[in-house]
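K.L.:
Got a structure here, written out as structure tokens. Questions coming.
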There are 2 protein chains.
Amino acid sequence: MPEPRRITSADVARRAGVSRATVSYVLNATPGQSISTATRDRVLDAAAGLGYAPSAAARTLRTGRSDVVLCLLPDWPIGNEVGNLLGNLSTALAREGLTFVAHPGSREDRPIAEIWKAITPAAVLSFTDFSDREREAMLAAGVALVVALLGRAGRAGLHGRELEVPQQLIGRRQTEHLLGTGHSRLGYAYPDDPRLKIFAEPRLAGCSGDPVVRTVPLDAALAAEAVAGWRADGVTGICAYNDEVALAVLAGARRLGIATPGGLAVIGVDDIPAARLAVPSLTTVTTDQRMLAAHLATTVVAAVSGRPAPVLATADLIRVVVRESA
Amino acid sequence: MPEPRRITSADVARRAGVSRATVSYVLNATPGQSISTATRDRVLDAAAGLGYAPSAAARTLRTGRSDVVLCLLPDWPIGNEVGNLLGNLSTALAREGLTFVAHPGSREDRPIAEIWKAITPAAVLSFTDFSDREREAMLAAGVALVVALLGRAGRAGLHGRELEVPQQLIGRRQTEHLLGTGHSRLGYAYPDDPRLKIFAEPRLAGCSGDPVVRTVPLDAALAAEAVAGWRADGVTGICAYNDEVALAVLAGARRLGIATPGGLAVIGVDDIPAARLAVPSLTTVTTDQRMLAAHLATTVVAAVSGRPAPVLATADLIRVVVRESA
DNA sequence: CTGTTAGCGCGTTCAC
DNA sequence: GTGAACGCGCTAACAG
């Protein structure tokens, strides 16, 4: 086999009878260049005819930045909703000519620096915050954007590119629903997994009505203990960290023979498939992942091109799905 | 700010008082080069002292291949288990010096070629099969490995690097359990989402006992219809495509007032958190994701370095988790 | 206006 | 152990 040599801009230039520079100008539509339509077309034709695709590596080497957006996934279990968000994000960024990739795996396995150095991304998104050193290193390396999807609460982002509002809003919506359906004494079912703290804290902080917090493991017997505790406190409505925790609360209540929602109302977060199949079916709160993804994509694009970040319209972002449990 | 110039191998060479070539040979431990220990150490010290990290882009440009392993995610909803697998895979590959990234999003959004051209990966993994054209294009571009996690059944892979066995094994284990607990007439609860077919087919094919197949949407009322049908057929044990479908079957049975497992035994797949919280708790089948990830990682490494693919030891890979529902 | 020349970015590798 | 070319695209400076 005659080693199928890569097609380079030189090939296109040769075929179009112009210089490589011209090819570059035409293909990148470089502003401030005046190239005749005839030449333009010849180049375009040649490129198309040869099936030319520029070498991403060369471009990256030259410009110091690829068109890849790197997302660092958290080390806590990612479920359906996150998967969904990533998919939407990928689609939205693709429309802008950016390639989205996600890197799973904890930062302990591999220093975060190795990851982005291997990719030379245009932007890095992360679900957890960066240390100042990391942030600086990336910026110094020319990474255009550094978004923490959930910055430390209250921290004025270096870029105003953080997105903690929705989390608090989730807690708010949960309590609003419960308070609105006649429950005045509330509990908060906190997740067992310490890695989830970064999400749980802002959600809890968004709750009004000062709920009684208890940790609820994903186990019916252990959940029952928590439920018993809440009962003793006079709590009648529970905001759960997410649907899984909510299902645990439901299972715990059942063990104790407590009727739901009569004896205890429960509201989750995420609307996982199991939520509607539970008995009683689970009332929960969902985020419009498509809208959120669109916003994130816009934020990334803005940052890459040096424009200010857009403001997230949070109005319809988070919705209560009313079912039987609350 | 004095524009923090990147540290290159030239800097290291200068500091160590050697040529750039030598630096390259030392840092890559290039075989067939005779470099004195003294020089070696000087280079190593200089590199460490300067905090030198080679430019991935330049390396990729030169060698035609990055050290990134690209995984193309399917467009069907990815859940916890897949997330888990990806995490383990990432960790395993990191140990081999490879950077793992995943690209979500359907192939309709963006031709698959654009993705890998943007990354120049050492290897590409995919959950679904590639067309022959795609496969060839990648191979021609120097991508070392092209694994379809689930090739078309029966297709003799170009590389023998396909992994369909576990899927069939899942079905096998489910039926074994049900047949072993006294159920002779079985049903298979097929997922509603057509995108899942690629997983569902091999799982179903692995089932013994020729089960009666019915599609079960994730909705209690609709699931009840399917359950009623099975009852009419004399079916007493259901293998579900996954835990969510199994939960739907459970919900359907409850609607009809059918006791589980007395009236109908159900076994799922995945062991999602909701499985143990269901009523009755769900008997299910799990895959050892860590073991699977290790095998995949080994396969990738073998392929990248041109060695033959290892054989997967399937013995303990798939396990039944016995709970109440079957 | 139109388009070209030339050198850069950085690590790798062949030939001496 | 070294010099020098190479992989490929970008872009400032420059000539018709």
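Ordered as shown in the structure tokens, chains take letters A, B, and onward, while each chain numbers its residues from 1 and ligands are numbered from 1 in the order shown.
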Report chain B as an mmCIF file with C-alpha atoms, in the first residue's frame in the frame of chain A, after least-squares superposition over all C-alpha atoms paired in order.

P.N.:
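Writing the result to superposed-v1.cif gives the following:
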data_model
loop_
_atom_site.group_PDB
_atom_site.id
_atom_site.type_symbol
_atom_site.label_atom_id
_atom_site.label_comp_id
_atom_site.auth_asym_id
_atom_site.auth_seq_id
_atom_site.Cartn_x
_atom_site.Cartn_y
_atom_site.Cartn_z
ATOM 1 C CA MET B 1 -0.066 -0.152 -0.171
ATOM 2 C CA PRO B 2 1.401 3.217 -1.211
ATOM 3 C CA GLU B 3 1.165 4.896 2.189
ATOM 4 C CA PRO B 4 -1.762 7.298 1.777
ATOM 5 C CA ARG B 5 -0.020 10.601 2.377
ATOM 6 C CA ARG B 6 -1.981 13.255 4.146
ATOM 7 C CA ILE B 7 -3.422 16.087 2.091
ATOM 8 C CA THR B 8 -1.903 19.371 3.170
ATOM 9 C CA SER B 9 -2.525 22.968 2.345
ATOM 10 C CA ALA B 10 0.438 22.738 -0.025
ATOM 11 C CA ASP B 11 -1.516 20.281 -2.132
ATOM 12 C CA VAL B 12 -4.409 22.661 -2.292
ATOM 13 C CA ALA B 13 -2.103 25.548 -3.170
ATOM 14 C CA ARG B 14 -0.508 23.591 -5.959
ATOM 15 C CA ARG B 15 -3.798 22.508 -7.421
ATOM 16 C CA ALA B 16 -5.224 26.009 -7.230
ATOM 17 C CA GLY B 17 -2.058 27.527 -8.577
ATOM 18 C CA VAL B 18 -1.546 29.856 -5.624
ATOM 19 C CA SER B 19 0.672 30.095 -2.587
ATOM 20 C CA ARG B 20 0.027 28.383 0.704
ATOM 21 C CA ALA B 21 -0.484 31.740 2.314
ATOM 22 C CA THR B 22 -3.353 32.459 0.004
ATOM 23 C CA VAL B 23 -4.905 29.130 0.779
ATOM 24 C CA SER B 24 -4.740 29.901 4.445
ATOM 25 C CA TYR B 25 -6.278 33.339 3.985
ATOM 26 C CA VAL B 26 -9.116 32.013 1.900
ATOM 27 C CA LEU B 27 -9.942 29.041 4.053
ATOM 28 C CA ASN B 28 -9.891 31.084 7.219
ATOM 29 C CA ALA B 29 -11.641 34.045 5.641
ATOM 30 C CA THR B 30 -8.928 36.155 7.201
ATOM 31 C CA PRO B 31 -10.144 39.725 7.445
ATOM 32 C CA GLY B 32 -8.066 42.529 6.001
ATOM 33 C CA GLN B 33 -6.994 40.523 2.982
ATOM 34 C CA SER B 34 -8.020 41.376 -0.526
ATOM 35 C CA ILE B 35 -8.357 38.251 -2.550
ATOM 36 C CA SER B 36 -10.249 38.158 -5.801
ATOM 37 C CA THR B 37 -13.378 36.124 -5.987
ATOM 38 C CA ALA B 38 -11.907 34.096 -8.821
ATOM 39 C CA THR B 39 -8.903 33.029 -6.762
ATOM 40 C CA ARG B 40 -11.112 32.381 -3.795
ATOM 41 C CA ASP B 41 -13.243 30.017 -5.785
ATOM 42 C CA ARG B 42 -10.279 28.215 -7.248
ATOM 43 C CA VAL B 43 -8.924 27.605 -3.778
ATOM 44 C CA LEU B 44 -12.257 26.507 -2.422
ATOM 45 C CA ASP B 45 -12.755 24.130 -5.321
ATOM 46 C CA ALA B 46 -9.322 22.658 -4.964
ATOM 47 C CA ALA B 47 -9.808 22.136 -1.261
ATOM 48 C CA ALA B 48 -13.155 20.480 -1.747
ATOM 49 C CA GLY B 49 -11.897 18.408 -4.643
ATOM 50 C CA LEU B 50 -8.998 17.056 -2.663
ATOM 51 C CA GLY B 51 -11.036 16.581 0.475
ATOM 52 C CA TYR B 52 -8.610 18.758 2.348
ATOM 53 C CA ALA B 53 -8.865 18.954 6.104
ATOM 54 C CA PRO B 54 -6.320 21.044 7.970
ATOM 55 C CA SER B 55 -4.143 19.334 10.504
ATOM 56 C CA ALA B 56 -5.489 20.138 13.894
ATOM 57 C CA ALA B 57 -2.103 19.467 15.432
ATOM 58 C CA ALA B 58 -0.288 21.945 13.225
ATOM 59 C CA ARG B 59 -2.911 24.544 13.768
ATOM 60 C CA THR B 60 -2.754 24.044 17.485
ATOM 61 C CA LEU B 61 0.988 24.241 17.477
ATOM 62 C CA ARG B 62 0.938 27.472 15.580
ATOM 63 C CA THR B 63 -1.922 29.230 17.299
ATOM 64 C CA GLY B 64 -1.255 27.816 20.727
ATOM 65 C CA ARG B 65 -4.814 26.724 21.142
ATOM 66 C CA SER B 66 -6.982 23.950 19.784
ATOM 67 C CA ASP B 67 -10.690 24.157 19.141
ATOM 68 C CA VAL B 68 -11.392 21.645 21.819
ATOM 69 C CA VAL B 69 -13.350 22.472 24.921
ATOM 70 C CA LEU B 70 -12.344 20.275 27.794
ATOM 71 C CA CYS B 71 -14.736 19.451 30.579
ATOM 72 C CA LEU B 72 -13.358 17.981 33.763
ATOM 73 C CA LEU B 73 -15.908 15.673 35.264
ATOM 74 C CA PRO B 74 -16.288 15.371 38.989
ATOM 75 C CA ASP B 75 -15.275 12.204 40.728
ATOM 76 C CA TRP B 76 -18.668 11.620 42.173
ATOM 77 C CA PRO B 77 -21.002 9.295 40.345
ATOM 78 C CA ILE B 78 -22.385 10.967 37.286
ATOM 79 C CA GLY B 79 -25.907 10.071 36.394
ATOM 80 C CA ASN B 80 -28.322 10.496 33.650
ATOM 81 C CA GLU B 81 -28.834 14.204 34.103
ATOM 82 C CA VAL B 82 -25.201 15.076 33.809
ATOM 83 C CA GLY B 83 -24.923 12.795 30.818
ATOM 84 C CA ASN B 84 -27.769 14.679 29.335
ATOM 85 C CA LEU B 85 -26.203 18.028 29.996
ATOM 86 C CA LEU B 86 -22.961 16.943 28.409
ATOM 87 C CA GLY B 87 -24.761 15.755 25.318
ATOM 88 C CA ASN B 88 -26.595 19.020 24.916
ATOM 89 C CA LEU B 89 -23.460 20.969 25.581
ATOM 90 C CA SER B 90 -21.606 19.017 22.973
ATOM 91 C CA THR B 91 -24.284 19.694 20.413
ATOM 92 C CA ALA B 92 -24.420 23.374 21.211
ATOM 93 C CA LEU B 93 -20.669 23.784 20.994
ATOM 94 C CA ALA B 94 -20.479 21.799 17.782
ATOM 95 C CA ARG B 95 -22.668 24.441 16.198
ATOM 96 C CA GLU B 96 -19.948 26.924 17.048
ATOM 97 C CA GLY B 97 -17.228 24.802 15.559
ATOM 98 C CA LEU B 98 -15.908 23.667 18.908
ATOM 99 C CA THR B 99 -15.263 20.068 19.829
ATOM 100 C CA PHE B 100 -16.411 19.076 23.250
ATOM 101 C CA VAL B 101 -14.738 16.341 25.237
ATOM 102 C CA ALA B 102 -15.036 15.281 28.819
ATOM 103 C CA HIS B 103 -12.401 13.822 31.051
ATOM 104 C CA PRO B 104 -13.649 11.584 33.827
ATOM 105 C CA GLY B 105 -11.569 10.494 36.736
ATOM 106 C CA SER B 106 -10.470 12.066 39.905
ATOM 107 C CA ARG B 107 -7.724 14.590 40.081
ATOM 108 C CA GLU B 108 -5.796 12.322 42.340
ATOM 109 C CA ASP B 109 -5.168 9.891 39.521
ATOM 110 C CA ARG B 110 -3.569 12.494 37.441
ATOM 111 C CA PRO B 111 -2.656 16.080 38.111
ATOM 112 C CA ILE B 112 -5.090 18.261 36.309
ATOM 113 C CA ALA B 113 -2.264 19.989 34.492
ATOM 114 C CA GLU B 114 -1.357 16.873 32.588
ATOM 115 C CA ILE B 115 -4.806 16.659 31.206
ATOM 116 C CA TRP B 116 -5.070 20.076 29.736
ATOM 117 C CA LYS B 117 -1.513 20.082 28.569
ATOM 118 C CA ALA B 118 -2.290 16.995 26.547
ATOM 119 C CA ILE B 119 -5.244 18.684 24.929
ATOM 120 C CA THR B 120 -4.267 22.356 24.652
ATOM 121 C CA PRO B 121 -7.915 23.281 24.960
ATOM 122 C CA ALA B 122 -9.485 26.557 24.020
ATOM 123 C CA ALA B 123 -11.451 26.422 27.227
ATOM 124 C CA VAL B 124 -11.781 24.303 30.299
ATOM 125 C CA LEU B 125 -15.009 23.727 32.169
ATOM 126 C CA SER B 126 -15.115 22.082 35.515
ATOM 127 C CA PHE B 127 -17.749 21.003 37.957
ATOM 128 C CA THR B 128 -15.551 21.819 40.869
ATOM 129 C CA ASP B 129 -13.461 24.840 41.533
ATOM 130 C CA PHE B 130 -9.813 25.268 40.656
ATOM 131 C CA SER B 131 -7.074 26.345 42.960
ATOM 132 C CA ASP B 132 -5.712 29.774 42.191
ATOM 133 C CA ARG B 133 -2.488 28.215 41.029
ATOM 134 C CA GLU B 134 -4.275 25.984 38.576
ATOM 135 C CA ARG B 135 -6.362 28.836 37.332
ATOM 136 C CA GLU B 136 -3.328 31.000 36.748
ATOM 137 C CA ALA B 137 -1.378 28.236 35.102
ATOM 138 C CA MET B 138 -4.149 27.682 32.617
ATOM 139 C CA LEU B 139 -4.624 31.322 31.876
ATOM 140 C CA ALA B 140 -0.885 31.719 31.417
ATOM 141 C CA ALA B 141 -0.923 28.789 29.033
ATOM 142 C CA GLY B 142 -3.473 30.606 26.950
ATOM 143 C CA VAL B 143 -6.592 28.716 27.925
ATOM 144 C CA ALA B 144 -9.285 31.222 27.181
ATOM 145 C CA LEU B 145 -11.776 30.312 29.778
ATOM 146 C CA VAL B 146 -11.885 28.662 33.085
ATOM 147 C CA VAL B 147 -15.363 28.053 34.340
ATOM 148 C CA ALA B 148 -16.203 26.374 37.558
ATOM 149 C CA LEU B 149 -19.726 25.137 37.143
ATOM 150 C CA LEU B 150 -20.041 25.479 40.849
ATOM 151 C CA GLY B 151 -17.540 27.888 42.270
ATOM 152 C CA ARG B 152 -17.176 28.234 45.973
ATOM 153 C CA ALA B 153 -20.235 30.087 47.064
ATOM 154 C CA GLY B 154 -19.705 33.773 47.478
ATOM 155 C CA ARG B 155 -16.436 33.810 45.672
ATOM 156 C CA ALA B 156 -16.377 36.583 43.133
ATOM 157 C CA GLY B 157 -15.133 34.667 40.158
ATOM 158 C CA LEU B 158 -12.133 35.988 38.346
ATOM 159 C CA HIS B 159 -14.290 35.980 35.279
ATOM 160 C CA GLY B 160 -17.802 36.107 36.527
ATOM 161 C CA ARG B 161 -18.122 32.828 34.738
ATOM 162 C CA GLU B 162 -19.521 30.738 37.466
ATOM 163 C CA LEU B 163 -22.802 29.124 37.765
ATOM 164 C CA GLU B 164 -23.968 28.515 41.225
ATOM 165 C CA VAL B 165 -27.336 30.137 40.994
ATOM 166 C CA PRO B 166 -29.215 27.101 39.674
ATOM 167 C CA GLN B 167 -28.172 24.985 42.634
ATOM 168 C CA GLN B 168 -29.600 27.387 45.165
ATOM 169 C CA LEU B 169 -32.656 27.744 43.034
ATOM 170 C CA ILE B 170 -33.235 24.025 43.278
ATOM 171 C CA GLY B 171 -33.468 24.180 47.037
ATOM 172 C CA ARG B 172 -35.671 27.224 46.798
ATOM 173 C CA ARG B 173 -38.142 25.533 44.479
ATOM 174 C CA GLN B 174 -38.324 22.463 46.649
ATOM 175 C CA THR B 175 -39.174 24.400 49.762
ATOM 176 C CA GLU B 176 -41.576 26.649 47.907
ATOM 177 C CA HIS B 177 -43.516 23.620 46.793
ATOM 178 C CA LEU B 178 -43.599 22.032 50.207
ATOM 179 C CA LEU B 179 -44.465 25.246 52.027
ATOM 180 C CA GLY B 180 -47.098 25.922 49.396
ATOM 181 C CA THR B 181 -48.779 22.582 50.057
ATOM 182 C CA GLY B 182 -49.197 23.157 53.750
ATOM 183 C CA HIS B 183 -45.991 21.841 55.240
ATOM 184 C CA SER B 184 -44.402 24.260 57.633
ATOM 185 C CA ARG B 185 -41.852 22.125 59.380
ATOM 186 C CA LEU B 186 -39.343 20.810 56.846
ATOM 187 C CA GLY B 187 -36.433 18.423 56.760
ATOM 188 C CA TYR B 188 -33.497 18.201 54.387
ATOM 189 C CA ALA B 189 -32.260 14.769 53.354
ATOM 190 C CA TYR B 190 -28.537 15.200 52.899
ATOM 191 C CA PRO B 191 -26.545 12.725 50.806
ATOM 192 C CA ASP B 192 -24.285 10.206 52.426
ATOM 193 C CA ASP B 193 -21.475 10.537 49.915
ATOM 194 C CA PRO B 194 -19.122 13.315 51.038
ATOM 195 C CA ARG B 195 -18.133 14.019 47.444
ATOM 196 C CA LEU B 196 -21.577 15.401 46.831
ATOM 197 C CA LYS B 197 -21.107 18.153 49.351
ATOM 198 C CA ILE B 198 -20.209 20.647 46.675
ATOM 199 C CA PHE B 199 -23.678 20.271 45.202
ATOM 200 C CA ALA B 200 -25.520 19.655 48.416
ATOM 201 C CA GLU B 201 -24.363 22.768 50.228
ATOM 202 C CA PRO B 202 -25.714 25.328 47.788
ATOM 203 C CA ARG B 203 -28.933 23.378 47.376
ATOM 204 C CA LEU B 204 -29.442 23.330 51.094
ATOM 205 C CA ALA B 205 -28.511 26.987 51.321
ATOM 206 C CA GLY B 206 -31.247 27.770 48.842
ATOM 207 C CA CYS B 207 -33.900 26.199 51.037
ATOM 208 C CA SER B 208 -36.114 28.511 52.967
ATOM 209 C CA GLY B 209 -37.863 27.524 56.184
ATOM 210 C CA ASP B 210 -34.690 26.394 57.937
ATOM 211 C CA PRO B 211 -35.056 22.650 57.439
ATOM 212 C CA VAL B 212 -33.815 20.016 59.864
ATOM 213 C CA VAL B 213 -30.868 18.369 58.169
ATOM 214 C CA ARG B 214 -30.242 14.642 58.383
ATOM 215 C CA THR B 215 -27.939 12.452 56.340
ATOM 216 C CA VAL B 216 -29.762 9.681 54.528
ATOM 217 C CA PRO B 217 -27.782 6.712 53.189
ATOM 218 C CA LEU B 218 -29.142 4.823 50.220
ATOM 219 C CA ASP B 219 -30.463 2.044 52.379
ATOM 220 C CA ALA B 220 -34.000 1.505 53.561
ATOM 221 C CA ALA B 221 -33.164 0.535 57.139
ATOM 222 C CA LEU B 222 -30.801 3.437 57.684
ATOM 223 C CA ALA B 223 -33.168 5.819 55.990
ATOM 224 C CA ALA B 224 -35.897 4.671 58.359
ATOM 225 C CA GLU B 225 -33.845 5.899 61.285
ATOM 226 C CA ALA B 226 -33.588 9.334 59.758
ATOM 227 C CA VAL B 227 -37.291 9.396 59.067
ATOM 228 C CA ALA B 228 -38.042 8.430 62.640
ATOM 229 C CA GLY B 229 -35.900 11.318 63.789
ATOM 230 C CA TRP B 230 -37.745 13.770 61.614
ATOM 231 C CA ARG B 231 -41.062 12.511 62.876
ATOM 232 C CA ALA B 232 -39.929 13.139 66.399
ATOM 233 C CA ASP B 233 -39.075 16.669 65.335
ATOM 234 C CA GLY B 234 -42.525 17.214 63.942
ATOM 235 C CA VAL B 235 -41.263 17.419 60.381
ATOM 236 C CA THR B 236 -43.847 16.665 57.685
ATOM 237 C CA GLY B 237 -42.086 17.581 54.463
ATOM 238 C CA ILE B 238 -38.687 16.468 53.183
ATOM 239 C CA CYS B 239 -36.525 18.050 50.562
ATOM 240 C CA ALA B 240 -34.133 15.408 49.331
ATOM 241 C CA TYR B 241 -30.753 16.117 47.820
ATOM 242 C CA ASN B 242 -31.744 14.158 44.748
ATOM 243 C CA ASP B 243 -34.174 11.507 43.583
ATOM 244 C CA GLU B 244 -32.125 8.642 44.871
ATOM 245 C CA VAL B 245 -32.008 10.051 48.350
ATOM 246 C CA ALA B 246 -35.707 10.768 48.027
ATOM 247 C CA LEU B 247 -36.351 7.140 47.137
ATOM 248 C CA ALA B 248 -34.420 6.152 50.220
ATOM 249 C CA VAL B 249 -36.602 8.416 52.332
ATOM 250 C CA LEU B 250 -39.666 6.854 50.769
ATOM 251 C CA ALA B 251 -38.336 3.387 51.509
ATOM 252 C CA GLY B 252 -37.575 4.413 55.083
ATOM 253 C CA ALA B 253 -41.059 5.801 55.586
ATOM 254 C CA ARG B 254 -42.591 2.620 54.259
ATOM 255 C CA ARG B 255 -40.613 0.576 56.754
ATOM 256 C CA LEU B 256 -42.058 2.630 59.532
ATOM 257 C CA GLY B 257 -45.525 2.286 58.131
ATOM 258 C CA ILE B 258 -45.772 5.989 57.473
ATOM 259 C CA ALA B 259 -48.021 6.915 54.582
ATOM 260 C CA THR B 260 -46.717 9.169 51.857
ATOM 261 C CA PRO B 261 -47.572 11.916 51.281
ATOM 262 C CA GLY B 262 -50.157 11.821 54.056
ATOM 263 C CA GLY B 263 -47.695 11.233 56.850
ATOM 264 C CA LEU B 264 -44.617 12.581 55.122
ATOM 265 C CA ALA B 265 -44.247 14.500 51.884
ATOM 266 C CA VAL B 266 -41.054 14.032 49.872
ATOM 267 C CA ILE B 267 -39.655 15.960 46.964
ATOM 268 C CA GLY B 268 -36.553 14.998 45.014
ATOM 269 C CA VAL B 269 -34.303 16.456 42.349
ATOM 270 C CA ASP B 270 -33.464 15.281 38.817
ATOM 271 C CA ASP B 271 -36.487 13.338 37.696
ATOM 272 C CA ILE B 272 -34.630 10.122 37.047
ATOM 273 C CA PRO B 273 -36.619 7.383 35.312
ATOM 274 C CA ALA B 274 -37.100 5.544 38.576
ATOM 275 C CA ALA B 275 -38.882 8.580 40.042
ATOM 276 C CA ARG B 276 -42.052 8.066 38.081
ATOM 277 C CA LEU B 277 -41.999 4.341 38.692
ATOM 278 C CA ALA B 278 -41.729 4.577 42.449
ATOM 279 C CA VAL B 279 -44.636 3.971 44.787
ATOM 280 C CA PRO B 280 -45.807 6.570 45.414
ATOM 281 C CA SER B 281 -44.436 8.217 42.313
ATOM 282 C CA LEU B 282 -41.939 10.874 43.224
ATOM 283 C CA THR B 283 -42.560 14.598 43.021
ATOM 284 C CA THR B 284 -39.321 16.184 41.954
ATOM 285 C CA VAL B 285 -37.594 19.210 40.540
ATOM 286 C CA THR B 286 -35.907 19.235 37.138
ATOM 287 C CA THR B 287 -33.509 21.510 35.395
ATOM 288 C CA ASP B 288 -33.937 22.304 31.746
ATOM 289 C CA GLN B 289 -30.675 20.784 30.634
ATOM 290 C CA ARG B 290 -31.054 21.971 27.095
ATOM 291 C CA MET B 291 -31.433 25.567 28.181
ATOM 292 C CA LEU B 292 -28.576 25.247 30.622
ATOM 293 C CA ALA B 293 -26.368 23.687 27.972
ATOM 294 C CA ALA B 294 -27.173 26.479 25.566
ATOM 295 C CA HIS B 295 -26.193 29.030 28.147
ATOM 296 C CA LEU B 296 -22.950 27.274 28.948
ATOM 297 C CA ALA B 297 -22.141 27.031 25.281
ATOM 298 C CA THR B 298 -22.751 30.726 24.828
ATOM 299 C CA THR B 299 -20.573 31.473 27.811
ATOM 300 C CA VAL B 300 -17.762 29.407 26.409
ATOM 301 C CA VAL B 301 -18.001 30.965 22.992
ATOM 302 C CA ALA B 302 -18.086 34.423 24.489
ATOM 303 C CA ALA B 303 -15.012 33.734 26.536
ATOM 304 C CA VAL B 304 -13.081 32.169 23.697
ATOM 305 C CA SER B 305 -13.716 35.220 21.612
ATOM 306 C CA GLY B 306 -13.105 37.600 24.476
ATOM 307 C CA ARG B 307 -16.611 38.901 24.822
ATOM 308 C CA PRO B 308 -18.368 39.322 28.150
ATOM 309 C CA ALA B 309 -20.329 36.423 29.524
ATOM 310 C CA PRO B 310 -24.080 36.393 29.018
ATOM 311 C CA VAL B 311 -26.500 36.394 31.896
ATOM 312 C CA LEU B 312 -28.461 33.264 32.607
ATOM 313 C CA ALA B 313 -32.214 33.640 32.529
ATOM 314 C CA THR B 314 -33.139 31.482 35.475
ATOM 315 C CA ALA B 315 -36.858 32.025 35.325
ATOM 316 C CA ASP B 316 -37.968 28.828 33.601
ATOM 317 C CA LEU B 317 -34.817 26.881 34.169
ATOM 318 C CA ILE B 318 -36.038 24.913 37.137
ATOM 319 C CA ARG B 319 -39.443 23.313 37.306
ATOM 320 C CA VAL B 320 -41.358 21.225 39.782
ATOM 321 C CA VAL B 321 -42.760 17.959 38.444
ATOM 322 C CA VAL B 322 -45.720 17.225 40.641
ATOM 323 C CA ARG B 323 -46.513 13.556 41.199
ATOM 324 C CA GLU B 324 -47.802 11.737 44.223
ATOM 325 C CA SER B 325 -45.150 12.013 46.906
ATOM 326 C CA ALA B 326 -45.620 15.709 47.672
#

K.L.:
Dump as CSV the rows for residues of chain C within 9 Å of chain B: closest atom pair and distance in Å with one decimal, only C-alpha atoms (C1' of nucleotides) counted, ordered by chain and rising residue number.

P.N.:
residue,atom,partner,partner_atom,distance
C:DG9,C1',B:Ala58,CA,7.8
C:DC10,C1',B:Ala58,CA,5.1
C:DG11,C1',B:Arg59,CA,5.3
C:DT12,C1',B:Arg62,CA,6.5
C:DT13,C1',B:Ala21,CA,8.3

K.L.:
With C-alpha atoms (C1' of nucleotides) retained, could you export that selection as a PDB file, in the first residue's frame?

P.N.:
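Okay, out_36.pdb is ready:
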ATOM      1  C1'  DG C   9       5.886  27.248  16.812  1.00  0.00           C
ATOM      2  C1'  DC C  10       8.398  22.764  19.067  1.00  0.00           C
ATOM      3  C1'  DG C  11       9.714  18.147  19.388  1.00  0.00           C
ATOM      4  C1'  DT C  12      11.657  14.231  16.688  1.00  0.00           C
ATOM      5  C1'  DT C  13      14.944  11.750  14.103  1.00  0.00           C
TER       6       DT C  13
END

K.L.:
Kindly assemble as CSV a list of the chain D residues that lie within 9 Å of chain B, each paired with its nearest atom pair and their distance in Å to one decimal, using only C-alpha atoms (C1' of nucleotides), sorted first by chain and then by ascending residue number.

P.N.:
residue,atom,partner,partner_atom,distance
D:DG1,C1',B:Thr22,CA,7.3
D:DT2,C1',B:Ser19,CA,6.6
D:DC6,C1',B:Arg62,CA,8.1
D:DG7,C1',B:Arg62,CA,5.0
D:DC8,C1',B:Leu61,CA,7.6

K.L.:
Between C1' of DG9 (chain D) and C1' of DA15 (chain C), measure the distance and give it in Å to one decimal.

P.N.:
27.7 Å

K.L.:
Which of region 27-266 of chain B end up as strand (DSSP E or B) when DSSP is run on this backbone - answer as a ChimeraX atom specification?

P.N.:
/B:68-72,99-103,123-126,145-148,186-191,212-216,237-240,265-266

K.L.:
For the atom pair C1' of DA12 (chain D) and C1' of DT4 (chain C), what is the interatomic distance in Å to one decimal place?

P.N.:
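Computing it gives 12.3 Å between the two atoms.
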
K.L.:
Name the residues in contact with DA15 (chain D) at a cut-off of 12 Å, using only C-alpha atoms (C1' of nucleotides), excluding same-chain residues fewer than 4 positions from it; report them as a ChimeraX atom specification.

P.N.:
/C:2-5

K.L.:
How about saving the chosen residues, C-alpha atoms (C1' of nucleotides) kept, as a short mmCIF file (atom, residue, chain, number, x, y, z; two decimals), in the first residue's frame?

P.N.:
data_model
loop_
_atom_site.label_atom_id
_atom_site.label_comp_id
_atom_site.auth_asym_id
_atom_site.auth_seq_id
_atom_site.Cartn_x
_atom_site.Cartn_y
_atom_site.Cartn_z
"C1'" DT C 2 -3.54 40.71 -5.26
"C1'" DG C 3 -0.92 37.66 -3.87
"C1'" DT C 4 3.93 36.00 -2.42
"C1'" DT C 5 8.08 35.12 0.52
#
